[in-house]
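K.L.:
My structure is in structure_5.cif, and what it holds is mmCIF, C-alpha atoms:
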```
data_query
loop_
_atom_site.group_PDB
_atom_site.id
_atom_site.type_symbol
_atom_site.label_atom_id
_atom_site.label_comp_id
_atom_site.auth_asym_id
_atom_site.auth_seq_id
_atom_site.Cartn_x
_atom_site.Cartn_y
_atom_site.Cartn_z
ATOM 1 C CA MET A 1437 111.827 121.391 123.856
ATOM 2 C CA SER A 1438 111.777 119.851 120.378
ATOM 3 C CA VAL A 1439 109.675 116.743 119.869
ATOM 4 C CA PHE A 1440 112.798 115.138 118.430
ATOM 5 C CA ALA A 1441 114.543 115.497 121.782
ATOM 6 C CA VAL A 1442 113.124 112.117 122.824
ATOM 7 C CA LEU A 1443 115.397 110.621 120.177
ATOM 8 C CA ASP A 1444 118.551 112.086 121.693
ATOM 9 C CA PRO A 1445 119.771 108.800 123.278
ATOM 10 C CA ALA A 1446 119.433 107.019 119.930
ATOM 11 C CA VAL A 1447 120.989 109.989 118.147
ATOM 12 C CA GLY A 1448 123.934 109.850 120.524
ATOM 13 C CA LEU A 1449 124.396 106.145 119.825
ATOM 14 C CA ALA A 1450 124.194 106.703 116.061
ATOM 15 C CA HIS A 1451 126.733 109.519 116.371
ATOM 16 C CA ASP A 1452 129.146 107.275 118.284
ATOM 17 C CA VAL A 1453 128.860 104.479 115.714
ATOM 18 C CA VAL A 1454 129.358 106.794 112.747
ATOM 19 C CA ALA A 1455 132.259 108.496 114.544
ATOM 20 C CA ALA A 1456 133.848 105.084 115.170
ATOM 21 C CA PHE A 1457 133.585 104.241 111.469
ATOM 22 C CA ALA A 1458 135.005 107.686 110.680
ATOM 23 C CA GLN A 1459 138.190 106.762 112.538
ATOM 24 C CA VAL A 1460 139.142 104.422 109.692
ATOM 25 C CA VAL A 1461 137.252 105.792 106.666
ATOM 26 C CA PRO A 1462 136.103 109.249 105.508
ATOM 27 C CA THR A 1463 133.034 110.476 107.392
ATOM 28 C CA ALA A 1464 130.794 110.453 104.305
ATOM 29 C CA LEU A 1465 131.703 106.804 103.743
ATOM 30 C CA ALA A 1466 131.075 106.142 107.439
ATOM 31 C CA ILE A 1467 127.520 107.428 106.965
ATOM 32 C CA VAL A 1468 127.114 105.069 104.021
ATOM 33 C CA LEU A 1469 128.444 102.097 105.992
ATOM 34 C CA PHE A 1470 126.244 102.830 109.002
ATOM 35 C CA THR A 1471 123.158 103.136 106.778
ATOM 36 C CA VAL A 1472 123.980 99.864 105.006
ATOM 37 C CA CYS A 1473 124.416 98.078 108.353
ATOM 38 C CA VAL A 1474 121.016 99.260 109.568
ATOM 39 C CA ARG A 1475 119.290 98.376 106.286
ATOM 40 C CA LEU A 1476 120.941 94.966 106.353
ATOM 41 C CA ALA A 1477 119.508 94.422 109.831
ATOM 42 C CA LEU A 1478 116.059 95.381 108.504
ATOM 43 C CA HIS A 1479 116.342 93.110 105.471
ATOM 44 C CA PRO A 1480 114.344 90.214 107.009
ATOM 45 C CA LEU A 1481 111.366 92.571 107.297
ATOM 46 C CA ALA A 1482 111.707 93.502 103.635
ATOM 47 C CA ARG A 1483 111.734 89.810 102.708
ATOM 48 C CA ALA A 1484 108.559 89.239 104.706
ATOM 49 C CA ALA A 1485 106.952 92.260 103.042
ATOM 50 C CA ALA A 1486 107.864 90.999 99.571
ATOM 51 C CA ARG A 1487 106.379 87.636 100.417
ATOM 52 C CA GLY A 1488 103.185 89.370 101.524
ATOM 53 C CA GLU A 1489 103.028 91.438 98.331
ATOM 54 C CA LYS A 1490 103.435 88.331 96.189
ATOM 55 C CA ALA A 1491 100.674 86.619 98.146
ATOM 56 C CA ARG A 1492 98.344 89.590 97.642
ATOM 57 C CA ALA A 1493 99.119 89.627 93.911
ATOM 58 C CA ARG A 1494 98.283 85.927 93.733
ATOM 59 C CA LEU A 1495 95.023 86.524 95.593
ATOM 60 C CA ALA A 1496 94.047 89.613 93.556
ATOM 61 C CA PRO A 1497 91.561 87.774 91.260
ATOM 62 C CA ARG A 1498 89.793 86.205 94.247
ATOM 63 C CA ILE A 1499 89.695 89.552 96.051
ATOM 64 C CA ALA A 1500 88.172 91.183 92.973
ATOM 65 C CA GLU A 1501 85.547 88.441 92.862
ATOM 66 C CA LEU A 1502 84.697 88.986 96.528
ATOM 67 C CA ASN A 1503 84.355 92.718 95.869
ATOM 68 C CA ARG A 1504 81.916 91.961 93.066
ATOM 69 C CA LYS A 1505 80.017 89.346 95.044
ATOM 70 C CA HIS A 1506 79.572 91.465 98.169
ATOM 71 C CA LYS A 1507 79.155 94.858 96.534
ATOM 72 C CA GLY A 1508 77.096 97.067 98.816
ATOM 73 C CA ARG A 1509 77.627 94.774 101.810
ATOM 74 C CA PRO A 1510 80.836 96.038 103.470
ATOM 75 C CA GLU A 1511 80.483 93.933 106.603
ATOM 76 C CA LYS A 1512 80.180 90.717 104.609
ATOM 77 C CA LEU A 1513 83.054 91.779 102.367
ATOM 78 C CA GLN A 1514 85.364 92.438 105.305
ATOM 79 C CA ALA A 1515 84.500 89.089 106.870
ATOM 80 C CA SER A 1516 85.141 87.275 103.592
ATOM 81 C CA LEU A 1517 88.456 89.043 103.053
ATOM 82 C CA ALA A 1518 89.558 88.252 106.597
ATOM 83 C CA GLU A 1519 88.707 84.591 106.049
ATOM 84 C CA LEU A 1520 90.598 84.542 102.745
ATOM 85 C CA TYR A 1521 93.731 86.061 104.267
ATOM 86 C CA ARG A 1522 93.485 83.679 107.201
ATOM 87 C CA GLU A 1523 93.223 80.641 104.929
ATOM 88 C CA GLU A 1524 96.141 81.779 102.787
ATOM 89 C CA LYS A 1525 98.229 82.941 105.781
ATOM 90 C CA ALA A 1526 98.682 86.334 104.150
ATOM 91 C CA SER A 1527 98.273 89.885 105.406
ATOM 92 C CA PRO A 1528 97.054 93.020 103.615
ATOM 93 C CA PHE A 1529 99.427 95.107 105.760
ATOM 94 C CA ALA A 1530 102.693 93.160 105.416
ATOM 95 C CA GLY A 1531 104.170 95.645 102.959
ATOM 96 C CA CYS A 1532 103.809 98.501 105.449
ATOM 97 C CA LEU A 1533 105.999 96.953 108.141
ATOM 98 C CA PRO A 1534 109.464 97.829 106.750
ATOM 99 C CA MET A 1535 108.362 101.410 106.066
ATOM 100 C CA LEU A 1536 107.006 101.807 109.600
ATOM 101 C CA VAL A 1537 110.160 100.362 111.141
ATOM 102 C CA GLN A 1538 112.334 102.709 109.074
ATOM 103 C CA ILE A 1539 110.512 105.823 110.338
ATOM 104 C CA PRO A 1540 112.340 105.869 113.727
ATOM 105 C CA PHE A 1541 115.675 105.260 111.980
ATOM 106 C CA PHE A 1542 114.978 108.053 109.507
ATOM 107 C CA SER A 1543 114.020 110.358 112.382
ATOM 108 C CA VAL A 1544 117.262 109.580 114.216
ATOM 109 C CA MET A 1545 119.341 110.271 111.105
ATOM 110 C CA TYR A 1546 117.415 113.493 110.449
ATOM 111 C CA ARG A 1547 118.091 114.640 114.014
ATOM 112 C CA LEU A 1548 121.757 113.664 113.756
ATOM 113 C CA PHE A 1549 122.310 115.633 110.562
ATOM 114 C CA THR A 1550 120.275 118.716 111.461
ATOM 115 C CA THR A 1551 121.767 119.198 114.937
ATOM 116 C CA PRO A 1552 125.239 120.799 115.054
ATOM 117 C CA ASN A 1553 127.894 118.199 115.870
ATOM 118 C CA ASP A 1554 131.492 117.392 115.008
ATOM 119 C CA LEU A 1555 130.555 115.039 112.151
ATOM 120 C CA LEU A 1556 129.096 117.883 110.101
ATOM 121 C CA GLY A 1557 132.431 119.665 110.098
ATOM 122 C CA HIS A 1558 133.945 116.968 107.894
ATOM 123 C CA THR A 1559 133.800 117.244 104.112
ATOM 124 C CA LEU A 1560 132.861 115.325 100.991
ATOM 125 C CA PHE A 1561 135.136 116.310 98.124
ATOM 126 C CA GLY A 1562 135.675 119.656 99.808
ATOM 127 C CA ALA A 1563 131.998 120.346 100.629
ATOM 128 C CA PRO A 1564 131.185 120.404 104.392
ATOM 129 C CA LEU A 1565 128.688 117.726 105.406
ATOM 130 C CA GLY A 1566 126.697 120.351 107.311
ATOM 131 C CA LEU A 1567 126.327 122.537 104.218
ATOM 132 C CA HIS A 1568 122.898 123.296 102.708
ATOM 133 C CA VAL A 1569 122.612 123.656 98.954
ATOM 134 C CA GLY A 1570 121.425 127.245 99.356
ATOM 135 C CA SER A 1571 124.727 128.137 101.026
ATOM 136 C CA ALA A 1572 126.947 126.376 98.487
ATOM 137 C CA HIS A 1573 129.461 128.432 96.590
ATOM 138 C CA GLY A 1574 132.067 127.485 94.055
ATOM 139 C CA ALA A 1575 131.922 124.889 91.302
ATOM 140 C CA GLY A 1576 133.223 122.124 93.557
ATOM 141 C CA GLU A 1577 130.458 122.368 96.151
ATOM 142 C CA TRP A 1578 127.775 122.737 93.508
ATOM 143 C CA ALA A 1579 129.137 119.676 91.704
ATOM 144 C CA VAL A 1580 128.859 117.546 94.850
ATOM 145 C CA PHE A 1581 125.216 118.495 95.332
ATOM 146 C CA ALA A 1582 124.499 118.034 91.613
ATOM 147 C CA VAL A 1583 125.867 114.479 91.625
ATOM 148 C CA LEU A 1584 123.837 113.526 94.698
ATOM 149 C CA TYR A 1585 120.638 115.046 93.314
ATOM 150 C CA ALA A 1586 121.205 113.375 89.952
ATOM 151 C CA GLY A 1587 121.546 110.031 91.705
ATOM 152 C CA LEU A 1588 118.340 110.595 93.660
ATOM 153 C CA ALA A 1589 116.526 111.702 90.493
ATOM 154 C CA ALA A 1590 117.678 108.551 88.678
ATOM 155 C CA LEU A 1591 116.385 106.383 91.518
ATOM 156 C CA GLY A 1592 113.147 108.380 91.499
ATOM 157 C CA TYR A 1593 112.726 107.646 87.806
ATOM 158 C CA VAL A 1594 113.270 103.923 88.394
ATOM 159 C CA ASN A 1595 110.628 103.939 91.135
ATOM 160 C CA PHE A 1596 108.324 106.046 88.964
ATOM 161 C CA ARG A 1597 108.507 103.503 86.144
ATOM 162 C CA ARG A 1598 107.917 100.645 88.561
ATOM 163 C CA ALA A 1599 104.851 102.363 90.047
ATOM 164 C CA ARG A 1600 103.433 103.054 86.593
ATOM 165 C CA ARG A 1601 103.919 99.429 85.563
ATOM 166 C CA ALA A 1602 102.239 98.258 88.766
ATOM 167 C CA GLN A 1603 99.234 100.505 88.094
ATOM 168 C CA ALA A 1604 98.989 99.265 84.505
ATOM 169 C CA LYS A 1605 99.214 95.644 85.622
ATOM 170 C CA GLN A 1606 96.535 96.171 88.255
ATOM 171 C CA ALA A 1607 94.235 97.773 85.687
ATOM 172 C CA ALA A 1608 94.833 94.912 83.240
ATOM 173 C CA GLN A 1609 94.024 92.293 85.873
ATOM 174 C CA ALA A 1610 90.741 93.932 86.880
ATOM 175 C CA PRO A 1611 87.754 91.820 85.786
ATOM 176 C CA GLN A 1612 85.910 93.161 82.773
ATOM 177 C CA GLY A 1613 82.884 95.208 83.690
ATOM 178 C CA SER A 1614 84.056 95.762 87.244
ATOM 179 C CA ALA A 1615 86.273 98.783 86.692
ATOM 180 C CA ALA A 1616 85.943 101.386 89.413
ATOM 181 C CA PRO A 1617 85.417 105.048 88.572
ATOM 182 C CA ALA A 1618 88.587 106.863 87.621
ATOM 183 C CA GLN A 1619 90.420 108.394 90.564
ATOM 184 C CA PRO A 1620 92.678 111.207 89.325
ATOM 185 C CA GLY A 1621 94.648 111.254 92.558
ATOM 186 C CA LEU A 1622 95.952 107.734 91.950
ATOM 187 C CA ALA A 1623 97.521 108.783 88.656
ATOM 188 C CA PHE A 1624 99.642 111.294 90.571
ATOM 189 C CA LEU A 1625 101.034 108.776 93.067
ATOM 190 C CA PRO A 1626 103.964 107.552 90.898
ATOM 191 C CA TYR A 1627 105.283 111.124 90.763
ATOM 192 C CA LEU A 1628 105.825 111.024 94.520
ATOM 193 C CA SER A 1629 108.894 108.920 93.695
ATOM 194 C CA PHE A 1630 110.702 112.190 93.004
ATOM 195 C CA GLY A 1631 109.845 113.608 96.429
ATOM 196 C CA THR A 1632 113.194 112.467 97.837
ATOM 197 C CA VAL A 1633 114.987 114.896 95.544
ATOM 198 C CA LEU A 1634 112.907 117.787 96.842
ATOM 199 C CA PHE A 1635 113.449 116.764 100.451
ATOM 200 C CA ALA A 1636 117.203 116.422 99.895
ATOM 201 C CA ALA A 1637 117.270 120.082 98.876
ATOM 202 C CA LEU A 1638 116.027 121.026 102.362
ATOM 203 C CA VAL A 1639 118.567 119.120 104.439
ATOM 204 C CA PRO A 1640 122.358 119.272 104.867
ATOM 205 C CA LEU A 1641 124.747 117.386 102.613
ATOM 206 C CA ALA A 1642 125.196 114.589 105.169
ATOM 207 C CA ALA A 1643 121.460 113.863 105.105
ATOM 208 C CA ALA A 1644 121.519 113.824 101.298
ATOM 209 C CA VAL A 1645 124.279 111.192 101.459
ATOM 210 C CA TYR A 1646 122.077 109.134 103.760
ATOM 211 C CA LEU A 1647 119.040 109.561 101.486
ATOM 212 C CA LEU A 1648 120.984 108.447 98.410
ATOM 213 C CA THR A 1649 122.349 105.414 100.255
ATOM 214 C CA THR A 1650 119.051 104.215 101.707
ATOM 215 C CA SER A 1651 117.173 104.933 98.445
ATOM 216 C CA THR A 1652 119.727 102.934 96.460
ATOM 217 C CA TRP A 1653 119.431 100.066 98.920
ATOM 218 C CA THR A 1654 115.623 100.144 98.683
ATOM 219 C CA ALA A 1655 115.629 100.090 94.871
ATOM 220 C CA ALA A 1656 118.184 97.275 94.664
ATOM 221 C CA GLU A 1657 116.504 95.258 97.414
ATOM 222 C CA ARG A 1658 113.105 95.539 95.779
ATOM 223 C CA ALA A 1659 114.483 94.617 92.353
ATOM 224 C CA TRP A 1660 116.111 91.507 93.846
ATOM 225 C CA LEU A 1661 113.119 90.354 95.886
ATOM 226 C CA HIS A 1662 110.642 90.980 93.050
ATOM 227 C CA ARG A 1663 112.825 89.716 90.216
ATOM 228 C CA ASP A 1664 111.340 87.411 87.596
ATOM 229 C CA GLY A 1665 111.731 83.793 88.569
ATOM 230 C CA ALA A 1666 111.728 84.494 92.309
ATOM 231 C CA PRO A 1667 108.696 82.509 93.513
ATOM 232 C CA GLU A 1668 106.800 83.438 96.641
ATOM 233 C CA SER A 1669 108.034 80.285 98.328
ATOM 234 C CA ALA A 1670 111.640 81.430 97.844
ATOM 235 C CA ILE A 1671 111.048 84.412 100.133
ATOM 236 C CA PRO A 1672 110.767 82.937 103.619
ATOM 237 C CA ALA A 1673 108.580 84.479 106.237
ATOM 238 C CA LEU A 1674 109.989 85.763 109.491
ATOM 239 C CA ALA A 1675 110.407 83.119 112.143
#
```
Using structure tokens, write down the structure from this file.
P.N.:
Amino acid sequence: MSVFAVLDPAVGLAHDVVAAFAQVVPTALAIVLFTVCVRLALHPLARAAARGEKARARLAPRIAELNRKHKGRPEKLQASLAELYREEKASPFAGCLPMLVQIPFFSVMYRLFTTPNDLLGHTLFGAPLGLHVGSAHGAGEWAVFAVLYAGLAALGYVNFRRARRAQAKQAAQAPQGSAAPAQPGLAFLPYLSFGTVLFAALVPLAAAVYLLTTSTWTAAERAWLHRDGAPESAIPALA
């Protein structure tokens, strides 16, 4: 039995909701609407994460000073960092919460779109939603995949630029004389932004529609929450 079988009840529920949407709109649009509804429900977590990221950015100089002060004393450093986060009511892990919560949702959608069902028999501009790019034939089907991949690549580039700017800003804010040894692996991390395009090539068209929708939501949501002029206090914490 597949490990994903434990998700079958949730997959069945997701199927029923998407199928209900598909009664009034095309199935591809139903996938988009369902994804937007779920991401909208998760939005409070994203707001809390953005608030936590802003708090950590504000505390970055003090954290760097603690690293310098307690160099070689990891126990003292951890205690000092814990006290700092407690005083400032911040968390070093807040930004991970939305990603962790999305993993089950992503797993359900992956199961839904990789298990044969009636939804995958519907089409997007003539291309079956259950079609893999390797089985595409004809200009029309190739064009559908090309547009989706181009959209994912564009979003990947936006995220790549954002990650590079964040790395440059972090390097600029580091106290003089306290620079850590170069870590080549970190320079590669921004390129992972294009990983969604590669993954989309391995899944059916329906999953690529989902990936484009959720990736677009993520990019727009992050741009809004981290826009210039949006103070930390304007992003309320979860109740």
K.L.:
Point out the residue among A:Val1468, A:Ala1604, A:Met1545, A:Ala1659 with the least atom-to-atom distance to Leu1449 in chain A, counting all atoms listed in the file.
P.N.:
A:Met1545
K.L.:
Mind pulling up the distance from CA of Thr1463 in chain A to CA of Asp1554 in chain A?
P.N.:
10.4 Å
K.L.:
Give me, please, the distance in Å between CA of Asn1553 in chain A and CA of Val1453 in chain A, quoted to one decimal.
P.N.:
13.8 Å
K.L.:
Just need the box for range 1641-1649 of chain A, edges along x, y and z, holding every atom the file lists for it with 6 Å tacked onto each side, so centre and edge lengths in Å to one decimal, as JSON.
P.N.:
```
{"center_x": 122.1, "center_y": 111.4, "center_z": 101.8, "size_x": 18.2, "size_y": 24.0, "size_z": 18.8}
```
K.L.:
Please write the residues picked by the PyMOL selection byres ((chain A and resi 1518-1520) around 12) on this file as a PyMOL selection string.
P.N.:
chain A and resi 1491-1492+1494-1499+1501-1502+1511-1517+1521-1528
K.L.:
Run through the PyMOL selection byres ((chain A and resi 1632) around 10) on the given coordinates and return the selected residues as a list of chain:residue names.
P.N.:
A:Tyr1585, A:Leu1588, A:Ala1589, A:Leu1591, A:Gly1592, A:Leu1628, A:Ser1629, A:Phe1630, A:Gly1631, A:Val1633, A:Leu1634, A:Phe1635, A:Ala1636, A:Ala1637, A:Ala1644, A:Leu1647, A:Leu1648, A:Ser1651
K.L.:
Using all atoms listed in the file, collect all residues at a distance of at most 9 Å from (116.8, 103.8, 110.0) as written in the file, then present them as a VMD selection string.
P.N.:
chain A and resid 1471 1474 to 1475 1478 1537 to 1545 1650
K.L.:
What is the distance, in Å and to one decimal place, between CA of Val1460 in chain A and CA of Cys1473 in chain A?
P.N.:
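Separating CA of Val1460 in chain A from CA of Cys1473 in chain A is a distance of 16.1 Å.
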K.L.:
Using only C-alpha atoms, which residue out of A:Ala1455, A:Ala1484, A:Arg1598, A:Pro1510 lies closest to Ile1467 in chain A?
P.N.:
A:Ala1455
K.L.:
Return the single residue from A:Ala1599, A:Leu1555, A:Gly1562, A:Val1569 that is closest to Ala1456 in chain A, with distances computed using only C-alpha atoms.
P.N.:
A:Leu1555
K.L.:
Spell out the residues picked by the PyMOL selection byres ((chain A and resi 1556) around 10) here, as a list of chain:residue names.
P.N.:
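When the PyMOL selection byres ((chain A and resi 1556) around 10) is applied to the shown file, the picked residues are A:Thr1463, A:Ala1464, A:Leu1548, A:Phe1549, A:Thr1550, A:Thr1551, A:Pro1552, A:Asn1553, A:Asp1554, A:Leu1555, A:Gly1557, A:His1558, A:Thr1559, A:Pro1564, A:Leu1565, A:Gly1566, A:Leu1567, A:Pro1640, A:Leu1641, A:Ala1642, A:Ala1643.
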K.L.:
Kindly save the residues from that selection, with C-alpha atoms included, as an mmCIF file, keeping the file's coordinate frame.
P.N.:
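out.cif written:
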```
data_model
loop_
_atom_site.group_PDB
_atom_site.id
_atom_site.type_symbol
_atom_site.label_atom_id
_atom_site.label_comp_id
_atom_site.auth_asym_id
_atom_site.auth_seq_id
_atom_site.Cartn_x
_atom_site.Cartn_y
_atom_site.Cartn_z
ATOM 1 C CA THR A 1463 133.034 110.476 107.392
ATOM 2 C CA ALA A 1464 130.794 110.453 104.305
ATOM 3 C CA LEU A 1548 121.757 113.664 113.756
ATOM 4 C CA PHE A 1549 122.310 115.633 110.562
ATOM 5 C CA THR A 1550 120.275 118.716 111.461
ATOM 6 C CA THR A 1551 121.767 119.198 114.937
ATOM 7 C CA PRO A 1552 125.239 120.799 115.054
ATOM 8 C CA ASN A 1553 127.894 118.199 115.870
ATOM 9 C CA ASP A 1554 131.492 117.392 115.008
ATOM 10 C CA LEU A 1555 130.555 115.039 112.151
ATOM 11 C CA GLY A 1557 132.431 119.665 110.098
ATOM 12 C CA HIS A 1558 133.945 116.968 107.894
ATOM 13 C CA THR A 1559 133.800 117.244 104.112
ATOM 14 C CA PRO A 1564 131.185 120.404 104.392
ATOM 15 C CA LEU A 1565 128.688 117.726 105.406
ATOM 16 C CA GLY A 1566 126.697 120.351 107.311
ATOM 17 C CA LEU A 1567 126.327 122.537 104.218
ATOM 18 C CA PRO A 1640 122.358 119.272 104.867
ATOM 19 C CA LEU A 1641 124.747 117.386 102.613
ATOM 20 C CA ALA A 1642 125.196 114.589 105.169
ATOM 21 C CA ALA A 1643 121.460 113.863 105.105
#
```
K.L.:
Give me the residues near Gly1576 in chain A as a list in words, where near means some atom within 10 Å (using only C-alpha atoms) and where sequence neighbours in that chain fewer than 6 positions away do not count.
P.N.:
Phe1561, Gly1562, Ala1563 and Ala1582 of chain A
K.L.:
Looking at A:Val1594, A:Ala1441, A:Leu1560, A:Glu1577, which one is nearest to Ala1466 in chain A, with distances taken over all atoms listed in the file?
P.N.:
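Ranked by minimum distance to Ala1466 in chain A, first place goes to A:Leu1560.
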K.L.:
With all heavy atoms as the goal, would you fill in the gaps in range 1487-1496 of chain A and present it as a PDB file, in the frame of the given file?
P.N.:
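File produced: result12.pdb:
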```pdb
ATOM      1  N   ARG A1487     107.183  88.855 100.421  1.00  0.00           N
ATOM      2  CA  ARG A1487     106.379  87.636 100.417  1.00  0.00           C
ATOM      3  C   ARG A1487     104.894  87.973 100.521  1.00  0.00           C
ATOM      4  O   ARG A1487     104.059  87.385  99.833  1.00  0.00           O
ATOM      5  CB  ARG A1487     106.807  86.742 101.585  1.00  0.00           C
ATOM      6  CG  ARG A1487     106.118  85.384 101.650  1.00  0.00           C
ATOM      7  CD  ARG A1487     106.757  84.536 102.750  1.00  0.00           C
ATOM      8  NE  ARG A1487     106.160  83.225 102.802  1.00  0.00           N
ATOM      9  CZ  ARG A1487     105.095  82.905 103.543  1.00  0.00           C
ATOM     10  NH1 ARG A1487     104.529  83.834 104.297  1.00  0.00           N
ATOM     11  NH2 ARG A1487     104.615  81.688 103.533  1.00  0.00           N
ATOM     12  N   GLY A1488     104.576  88.957 101.387  1.00  0.00           N
ATOM     13  CA  GLY A1488     103.185  89.370 101.524  1.00  0.00           C
ATOM     14  C   GLY A1488     102.643  90.005 100.257  1.00  0.00           C
ATOM     15  O   GLY A1488     101.498  89.765  99.864  1.00  0.00           O
ATOM     16  N   GLU A1489     103.462  90.808  99.577  1.00  0.00           N
ATOM     17  CA  GLU A1489     103.028  91.438  98.331  1.00  0.00           C
ATOM     18  C   GLU A1489     102.770  90.397  97.257  1.00  0.00           C
ATOM     19  O   GLU A1489     101.808  90.505  96.475  1.00  0.00           O
ATOM     20  CB  GLU A1489     104.083  92.441  97.864  1.00  0.00           C
ATOM     21  CG  GLU A1489     104.161  93.678  98.737  1.00  0.00           C
ATOM     22  CD  GLU A1489     105.202  94.657  98.233  1.00  0.00           C
ATOM     23  OE1 GLU A1489     105.421  94.705  97.009  1.00  0.00           O
ATOM     24  OE2 GLU A1489     105.791  95.366  99.056  1.00  0.00           O
ATOM     25  N   LYS A1490     103.633  89.389  97.176  1.00  0.00           N
ATOM     26  CA  LYS A1490     103.435  88.331  96.189  1.00  0.00           C
ATOM     27  C   LYS A1490     102.160  87.550  96.489  1.00  0.00           C
ATOM     28  O   LYS A1490     101.424  87.160  95.579  1.00  0.00           O
ATOM     29  CB  LYS A1490     104.646  87.400  96.170  1.00  0.00           C
ATOM     30  CG  LYS A1490     105.876  88.013  95.510  1.00  0.00           C
ATOM     31  CD  LYS A1490     107.056  87.062  95.588  1.00  0.00           C
ATOM     32  CE  LYS A1490     108.266  87.665  94.891  1.00  0.00           C
ATOM     33  NZ  LYS A1490     108.137  87.692  93.439  1.00  0.00           N
ATOM     34  N   ALA A1491     101.896  87.326  97.762  1.00  0.00           N
ATOM     35  CA  ALA A1491     100.674  86.619  98.146  1.00  0.00           C
ATOM     36  C   ALA A1491      99.445  87.429  97.763  1.00  0.00           C
ATOM     37  O   ALA A1491      98.457  86.884  97.244  1.00  0.00           O
ATOM     38  CB  ALA A1491     100.685  86.327  99.644  1.00  0.00           C
ATOM     39  N   ARG A1492      99.489  88.752  97.997  1.00  0.00           N
ATOM     40  CA  ARG A1492      98.344  89.590  97.642  1.00  0.00           C
ATOM     41  C   ARG A1492      98.143  89.636  96.133  1.00  0.00           C
ATOM     42  O   ARG A1492      97.004  89.652  95.655  1.00  0.00           O
ATOM     43  CB  ARG A1492      98.539  91.005  98.200  1.00  0.00           C
ATOM     44  CG  ARG A1492      98.415  91.068  99.709  1.00  0.00           C
ATOM     45  CD  ARG A1492      98.199  92.489 100.185  1.00  0.00           C
ATOM     46  NE  ARG A1492      99.298  93.357  99.778  1.00  0.00           N
ATOM     47  CZ  ARG A1492     100.432  93.475 100.462  1.00  0.00           C
ATOM     48  NH1 ARG A1492     100.620  92.757 101.562  1.00  0.00           N
ATOM     49  NH2 ARG A1492     101.366  94.303 100.064  1.00  0.00           N
ATOM     50  N   ALA A1493      99.237  89.635  95.368  1.00  0.00           N
ATOM     51  CA  ALA A1493      99.119  89.627  93.911  1.00  0.00           C
ATOM     52  C   ALA A1493      98.479  88.322  93.447  1.00  0.00           C
ATOM     53  O   ALA A1493      97.647  88.307  92.528  1.00  0.00           O
ATOM     54  CB  ALA A1493     100.492  89.815  93.275  1.00  0.00           C
ATOM     55  N   ARG A1494      98.858  87.220  94.091  1.00  0.00           N
ATOM     56  CA  ARG A1494      98.283  85.927  93.733  1.00  0.00           C
ATOM     57  C   ARG A1494      96.793  85.869  94.068  1.00  0.00           C
ATOM     58  O   ARG A1494      96.005  85.225  93.367  1.00  0.00           O
ATOM     59  CB  ARG A1494      99.048  84.824  94.476  1.00  0.00           C
ATOM     60  CG  ARG A1494      98.458  83.432  94.340  1.00  0.00           C
ATOM     61  CD  ARG A1494      99.393  82.390  94.939  1.00  0.00           C
ATOM     62  NE  ARG A1494      99.800  82.722  96.293  1.00  0.00           N
ATOM     63  CZ  ARG A1494      99.065  82.464  97.375  1.00  0.00           C
ATOM     64  NH1 ARG A1494      97.865  81.911  97.247  1.00  0.00           N
ATOM     65  NH2 ARG A1494      99.510  82.775  98.577  1.00  0.00           N
ATOM     66  N   LEU A1495      96.418  86.560  95.151  1.00  0.00           N
ATOM     67  CA  LEU A1495      95.023  86.524  95.593  1.00  0.00           C
ATOM     68  C   LEU A1495      94.166  87.605  94.932  1.00  0.00           C
ATOM     69  O   LEU A1495      92.951  87.643  95.156  1.00  0.00           O
ATOM     70  CB  LEU A1495      94.959  86.712  97.112  1.00  0.00           C
ATOM     71  CG  LEU A1495      95.613  85.615  97.957  1.00  0.00           C
ATOM     72  CD1 LEU A1495      95.571  86.002  99.429  1.00  0.00           C
ATOM     73  CD2 LEU A1495      94.933  84.282  97.733  1.00  0.00           C
ATOM     74  N   ALA A1496      94.770  88.482  94.139  1.00  0.00           N
ATOM     75  CA  ALA A1496      94.047  89.613  93.556  1.00  0.00           C
ATOM     76  C   ALA A1496      92.774  89.204  92.802  1.00  0.00           C
ATOM     77  O   ALA A1496      91.720  89.840  92.975  1.00  0.00           O
ATOM     78  CB  ALA A1496      94.964  90.424  92.646  1.00  0.00           C
TER      79      ALA A1496
END
```
